[in-house]
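Asks: Next up is a structure, given as structure tokens.
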Amino acid sequence: MTAVEITPAVIAEHGLNAEEYARVLEILGREPNITELGIFSVMWSEHCSYKSSKKWLKTLPTTAPWVIQGPGENAGIVDIGDGLTAVFKMESHNHPSFIEPYQGAATGVGGILRDVFTMGARPVANLNALRFGAPDHPKTRHLIAGVVSGIGGYGNCVGVPTVGGEVNFHPGYNGNILVNAMTVGIAPADRIFYSKASGIGNPVVYVGSKTGRDGIHGATMASAEFNADSEEKRPTVQVGDPFTEKLLIEACLELMDTDVIVAIQDMGAAGLTSSSFEMASKGGLGVELALDTVPMREEGMTPYELMLSESQERMLMVLEPGKEPVAEAIFRKWGLDFAVIGRLTDTGRMVLTWHGDTVADLPIDPLAEAAPEYDRPWEPSPAPAPVDPASVPTVPWTEALVTLMGSPDLASRRWIWEQYDHMVMGDTVQRPGGDAAVVRIHGPAGLTDRGLAMTTDCTPRYGSADPVLGGTQAVVEAWRNLTAVGARPLAITDNMNFGNPEKPRIMGQFVGACQGISAACLALDFPVVSGNVSLYNETEGQAIPPTPTIGGVGVLDDLDRMATVAFKAEGDAILLIGGPAGDAECLGRTLYLREIAGREDGAPPPVDLAEERRVGDTVRGLIQSGRVTTCHDVSDGGLLVAIAEMALAGGIGATLDGVTDTPAALFGEDQGRYIVAVPEADAAAVLSDLGSVARRIGSTGGNALTLGGVSVPLATLCDAHEGWLPRLMGDA
Amino acid sequence: MKAAVIVFPGSNCDRDVAVSLERTTGRPPLMHWHADADLPEDLDLIVIPGGFSYGDYLRSGAMAARSAAMAGVRTAAAKGRAVLGICNGFQVLCEAGLLPGALMRNRSLHYICRDVYLRVETTDSIFTGHYAPAQVARIPIAHHDGNYVADLATHCALEDEDRIAFRYCTPAGKVTDDANPNGSLDNIAGILSEERNVLGLMPHPERLADPRLGGTDGQPIFASLMEALS
């Protein structure tokens, strides 16, 4: 190998600033070679080191009696009873998905699946939260088509149902789409696997796919802004093979049933570098790797490329000594590569060799644990001025409702989720389209009558105006969606998507979102157990709207006591629970304001956390006692949109006589509200038990929505709602 | 009824159909690994499950059709044993020559996962005896390649010999082009072999065979087999 000279240009290409490079020299006491420089570069990238965000992530609430594992491992773990746990995390794959949408999204799904089964869990559900640019932006349709087929192509093949998610459109994402993928798995509480290496001399084993040249410097790419040349970064996007992932899931779970694994870590961002460092660093050990023994896809690969490749579907394991044959037999049976590539040492150093020659020798702790950490300057966002209701135009409610139901952020996502296998594994109790997806708990011991509820939520419209409220509202909405199906909310994973943190205004958005999330987590006993940060979502200096996506998981102890959004019968009473005593009032930042008045200003609806909890606990109590089986929270679009969604889901209309016909009353997005439908005979008793928190607003029936003597047929709403996305995508 | 489910690398509905079989028969089926050509002699039913055998690389079902286990399935089918291929299993059976025709890419070019309605076209089989003639069943599909094609002679033979088991239809039982989710010839969703002991169908009966999942219209297939083979 010819040595590459470490010039200032080479250092800059590796994303290290002068200060960081000085630190490299200090740690090594000499100049690094190119392989070592590459390793520093990825380990200290924003993507791997969380150097801008760490200070604030530490402030998030992460504990509760049911939390088994909080942030810091591959995924978070909560106790779900009966000796089982839910293992989950959400992760972004934003930058690659913008450059190469199919593979970017597909490998996003693959990566988050590995984070979950690495811990010993069988993945049972996938979700995804997507943000695209304006529907009429020239790239948007191409990006939707690629991302949706990428998510489907991967998830469908591995046989994990894609059960839920959310999609928003806004010009703020024209140059940086967001693809946030979440996986939920189930593991026995007594058989969880971690990444902490132990046992000096224990073999380090590589399994899965061979290593190729794909994805080199992916983590560095994800830590920089886009510019006009970003298309040239296409070669740094990885290529996924879901078939191999499926084999890897089965082989790993089969091996986990034996007692041979000491530690296991998937090779995600920064591949072999990050996985080996993490395992050794957590165990306080050293590691020696003979890189020439790594299974390689192509000839002529260098140590530099092997350490930085982000080839997919690979795992690193530390095995009990002498157990290599047990593991090898299982991986060979599944047709996967298996190689002993090194061993653990007591040196605290990572030593890499290439045909016997040492090609890198680095101290592990300073590199992994003492990575740069910044307290970046930040400034809070200015408080937005409230919207004066008198300034908002009033259009007939029928017209406004049809427009809203067919607007980009409210139209049906059926075109998307019908391309995802959402039923494989035979446990999907609530399919996409409701408040939260529900999957039956089907552990190693078989079927149960219990379920896991899951959802992803964020309302970037709110966070753009008020980042603190945006963070709070995202958590609250996830909690509310779990509550609305009758689940007991347990914990969240957070996927923080923001612009360039070196700008104080953007850093202020991040800090605000963390503060808002913390407040909601504390008030609702709904801690953060895992998460991911994606910064530098900017193109040509334009940052995305702050988007702290929250993935929530809850448990249903009895699947016979569950609610869905669909109206079930004619003649049921419709009750509104929570919110102001009178009509809704808040039009700031609402979809009505944006879609009808063409404005995106004002203050978003405030959240009263104590009231939120009180109302939610009340609603959950109604469902869990079996008194309510129809429930929907009021969120995007307000009360009338929620009613329309319930009517369309059930094919049954409604007549409303308990709400005033004003834009704020019908379309205001005041928080903390739920709509339930109960049989007429039960309505008086339910209302009397609930007291002032609830009131009757109408009854179900017919095939139209009727208010103030005016009706809009369900067929009209259905056409607007179901037709928008297929028409956009040219399929209708 | 003694049943086995063939497990290929990439099968992903093997567990799902095993759950349905166990619910029906009271005992778990044998899970048979693809590399093993020797199937037990006393099997009554062999199920080729859904999924992406061998990643669906080359063509859906093409590589699985040439696996060791399929040689055993071919022998068993020749002896009159019942063989049920669901989704990818139907594709494998066509590729293996146990059923005629082929499954092409859906006409929308999209993968489609949703409930569809099927008209039961024959109750004269060990798979469909528990349905009423022309009964409409709601059963999900989940596939990218479900667009059944066959030449005219094959199509006529299937029709004349009463071997079309299911057609895609409207909820009211009308066989229309709008009710055809994938462009399949003559709305065909499932067919029988000449000897009527092999059924291939694209829809997944195991996905709606449990009230907890929102329907049981798939269960009569398992119940029919249980009665015929016990």
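A note on labels: chains of the structure tokens are A, B, ... as shown, every chain counts residues from 1, and ligands are counted from 1 in their shown order.
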Using only C-alpha atoms and a cut-off of 10 Å, which residues of chain A sit close to chain B? Please list them as a ChimeraX atom specification.
Replies: /A:149,152-153,156-160,241-247,250,333-335,414-431,439-440,446-447,449,559-560,731
Asks: Could you save the residues just selected, with C-alpha atoms, as a PDB file, in the first residue's frame?
Replies:
```pdb
ATOM      1  CA  SER A 149     -41.298   1.376  -2.636  1.00  0.00           C
ATOM      2  CA  GLY A 152     -42.137  -1.699   1.187  1.00  0.00           C
ATOM      3  CA  GLY A 153     -39.469  -3.567  -0.742  1.00  0.00           C
ATOM      4  CA  ASN A 156     -42.326  -6.819   2.888  1.00  0.00           C
ATOM      5  CA  CYS A 157     -39.451  -9.155   2.114  1.00  0.00           C
ATOM      6  CA  VAL A 158     -38.193  -9.484   5.691  1.00  0.00           C
ATOM      7  CA  GLY A 159     -41.758 -10.293   6.713  1.00  0.00           C
ATOM      8  CA  VAL A 160     -42.251  -7.692   9.414  1.00  0.00           C
ATOM      9  CA  ASP A 241     -30.591  -6.839   0.640  1.00  0.00           C
ATOM     10  CA  PRO A 242     -33.694  -7.655   2.663  1.00  0.00           C
ATOM     11  CA  PHE A 243     -33.397 -11.358   1.864  1.00  0.00           C
ATOM     12  CA  THR A 244     -30.059 -11.491   3.668  1.00  0.00           C
ATOM     13  CA  GLU A 245     -31.552  -9.473   6.524  1.00  0.00           C
ATOM     14  CA  LYS A 246     -34.343 -12.031   6.895  1.00  0.00           C
ATOM     15  CA  LEU A 247     -31.755 -14.813   7.076  1.00  0.00           C
ATOM     16  CA  GLU A 250     -33.501 -16.021  11.839  1.00  0.00           C
ATOM     17  CA  LYS A 333     -27.188 -23.312   7.564  1.00  0.00           C
ATOM     18  CA  TRP A 334     -28.745 -19.960   6.770  1.00  0.00           C
ATOM     19  CA  GLY A 335     -26.246 -19.378   3.940  1.00  0.00           C
ATOM     20  CA  ARG A 414     -54.017   4.340   1.782  1.00  0.00           C
ATOM     21  CA  TRP A 415     -51.992   4.608  -1.452  1.00  0.00           C
ATOM     22  CA  ILE A 416     -48.886   4.318   0.725  1.00  0.00           C
ATOM     23  CA  TRP A 417     -49.819   1.682   3.292  1.00  0.00           C
ATOM     24  CA  GLU A 418     -51.414  -0.667   0.788  1.00  0.00           C
ATOM     25  CA  GLN A 419     -47.915  -0.995  -0.672  1.00  0.00           C
ATOM     26  CA  TYR A 420     -46.693  -2.214   2.714  1.00  0.00           C
ATOM     27  CA  ASP A 421     -47.472  -5.698   3.949  1.00  0.00           C
ATOM     28  CA  HIS A 422     -49.202  -4.684   7.171  1.00  0.00           C
ATOM     29  CA  MET A 423     -50.621  -8.113   8.064  1.00  0.00           C
ATOM     30  CA  VAL A 424     -47.711 -10.569   7.801  1.00  0.00           C
ATOM     31  CA  MET A 425     -46.994 -12.392  11.085  1.00  0.00           C
ATOM     32  CA  GLY A 426     -50.748 -12.702  11.576  1.00  0.00           C
ATOM     33  CA  ASP A 427     -51.043 -10.467  14.610  1.00  0.00           C
ATOM     34  CA  THR A 428     -52.167  -7.086  13.226  1.00  0.00           C
ATOM     35  CA  VAL A 429     -55.278  -6.282  15.243  1.00  0.00           C
ATOM     36  CA  GLN A 430     -55.534  -2.624  14.198  1.00  0.00           C
ATOM     37  CA  ARG A 431     -54.324  -1.915  10.703  1.00  0.00           C
ATOM     38  CA  VAL A 439     -50.318  -5.795  17.244  1.00  0.00           C
ATOM     39  CA  ARG A 440     -51.194  -8.849  19.303  1.00  0.00           C
ATOM     40  CA  GLY A 446     -47.564 -18.391  21.685  1.00  0.00           C
ATOM     41  CA  LEU A 447     -50.619 -16.186  21.206  1.00  0.00           C
ATOM     42  CA  ASP A 449     -55.041 -11.745  24.385  1.00  0.00           C
ATOM     43  CA  LEU A 559     -57.703  -6.911  23.354  1.00  0.00           C
ATOM     44  CA  ASP A 560     -61.442  -7.252  23.919  1.00  0.00           C
ATOM     45  CA  ASP A 731     -52.627   6.330 -10.346  1.00  0.00           C
TER      46      ASP A 731
END
```
Asks: Taking 2 positions as the minimum chain separation for residues in the same chain, which residues sit within 10 Å of Ala69 of chain B when counting only C-alpha atoms? Answer as a ChimeraX atom specification.
Replies: /B:6-8,32-39,64-67,71-74
Asks: Would you work out the distance separating atom CA of Gln265 of chain A from atom CA of Leu289 of chain A, expressed in Å to one decimal?
Replies: 15.4 Å
Asks: Please provide as a PyMOL selection string all residues within 10 Å of Arg599 of chain A, with the sequence filter that same-chain residues fewer than 3 positions apart are discarded (counting only C-alpha atoms).
Replies: chain A and resi 392+588-596+602
Asks: Could you save the residues just selected, with C-alpha atoms, as an mmCIF file, in the first residue's frame?
Replies:
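Printed below is result07.cif as written:
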```cif
data_model
loop_
_atom_site.group_PDB
_atom_site.id
_atom_site.type_symbol
_atom_site.label_atom_id
_atom_site.label_comp_id
_atom_site.auth_asym_id
_atom_site.auth_seq_id
_atom_site.Cartn_x
_atom_site.Cartn_y
_atom_site.Cartn_z
ATOM 1 C CA VAL A 392 -59.544 34.783 9.493
ATOM 2 C CA GLY A 588 -53.056 29.744 15.093
ATOM 3 C CA ARG A 589 -50.906 27.427 12.936
ATOM 4 C CA THR A 590 -53.917 25.249 12.105
ATOM 5 C CA LEU A 591 -54.526 23.441 8.852
ATOM 6 C CA TYR A 592 -57.646 25.597 8.397
ATOM 7 C CA LEU A 593 -55.484 28.691 8.507
ATOM 8 C CA ARG A 594 -53.018 27.218 6.032
ATOM 9 C CA GLU A 595 -55.354 25.479 3.579
ATOM 10 C CA ILE A 596 -58.300 27.901 3.648
ATOM 11 C CA GLY A 602 -49.943 32.724 14.792
#
```
Asks: Fewer than 3 positions away in the same chain doesn't count, so skip those; otherwise give me all residues within 7 Å of Asp266 of chain A, counting only C-alpha atoms, as a tab-separated table (two decimals) with N, CA and C atoms, in the first residue's frame.
Replies:
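And here's result_2.tsv as it stands now:
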```tsv
chain	number	residue	atom	x	y	z
A	114	ARG	N	-32.17	-4.11	12.56
A	114	ARG	CA	-30.99	-4.73	13.18
A	114	ARG	C	-30.79	-4.22	14.60
A	115	ASP	N	-31.05	-2.92	14.81
A	115	ASP	CA	-30.91	-2.38	16.17
A	115	ASP	C	-31.79	-3.15	17.14
A	118	THR	N	-30.74	-7.19	17.28
A	118	THR	CA	-29.45	-7.32	17.95
A	118	THR	C	-29.63	-7.55	19.44
A	275	SER	N	-18.91	-0.33	15.40
A	275	SER	CA	-19.34	-1.50	16.16
A	275	SER	C	-18.21	-2.04	17.03
A	314	ARG	N	-24.83	-6.75	8.32
A	314	ARG	CA	-23.65	-7.33	8.97
A	314	ARG	C	-23.75	-7.16	10.48
A	315	MET	N	-23.17	-8.10	11.21
A	315	MET	CA	-23.16	-8.05	12.68
A	315	MET	C	-21.78	-8.42	13.19
A	316	LEU	N	-21.45	-7.89	14.34
A	316	LEU	CA	-20.22	-8.25	15.02
A	316	LEU	C	-20.61	-8.86	16.37
```
Asks: Please measure the separation of atom CA of Pro96 of chain A and atom CA of Lys139 of chain A, giving the value in Å to one decimal.
Replies: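 Result for atom CA of Pro96 of chain A versus atom CA of Lys139 of chain A: 14.8 Å, one decimal.
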Asks: Would you mind listing what lies within 8 Å of segment 49-57 of chain A as a PyMOL selection string, with only C-alpha atoms counted and same-chain residues fewer than 2 positions away left out?
Replies: chain A and resi 43-47+59-60+371-376+501+511+514+533
Asks: Within 9 Å of Ala383 of chain A, counting only C-alpha atoms, which residues qualify if same-chain residues fewer than 4 places away don't, as an NGL selection string?
Replies: :A and (465-466 or 603)
Asks: Would you mind listing what lies within 9 Å of Ser518 of chain A as a list of chain:residue names, with only C-alpha atoms counted and same-chain residues fewer than 2 positions away left out?
Replies: A:Thr59, A:Leu60, A:Pro61, A:Gly471, A:Thr472, A:Ala513, A:Cys514, A:Gln515, A:Gly516, A:Ala520, A:Cys521, A:Leu522, A:Ala523, A:Pro527, A:Val528
Asks: Which of segment 616-682 of chain A counts as strand (DSSP E) under DSSP, as a list in words please?
Replies: Thr630, Cys631, His632, Asp633, Ala654, Thr655, Leu656, Tyr674, Ile675, Val676, Ala677 and Val678 of chain A
Asks: What does the distance between atom CA of Met317 of chain A and atom CA of Ile341 of chain A come to in Å, to one decimal place?
Replies: 10.2 Å
Asks: Where does DSSP see helix (DSSP H, G or I) in segment 101-157 of chain B, if you list the residues as a PyMOL selection string?
Replies: chain B and resi 152-157
Asks: Produce a file of the selected residues containing C-alpha atoms, as a PDB file, in the first residue's frame.
Replies:
```pdb
ATOM      1  CA  LEU B 152     -55.917 -20.265 -24.211  1.00  0.00           C
ATOM      2  CA  ALA B 153     -55.829 -24.067 -24.093  1.00  0.00           C
ATOM      3  CA  THR B 154     -54.911 -24.030 -20.405  1.00  0.00           C
ATOM      4  CA  HIS B 155     -57.555 -21.445 -19.643  1.00  0.00           C
ATOM      5  CA  CYS B 156     -60.193 -23.531 -21.402  1.00  0.00           C
ATOM      6  CA  ALA B 157     -59.077 -26.681 -19.603  1.00  0.00           C
TER       7      ALA B 157
END
```
Asks: Counting only C-alpha atoms, which residue out of B:Pro49, B:Thr75, B:Ala96, B:Ser125 sits closest to Glu194 of chain B?
Replies: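 Using only C-alpha atoms, Glu194 of chain B sits closest to B:Ser125.
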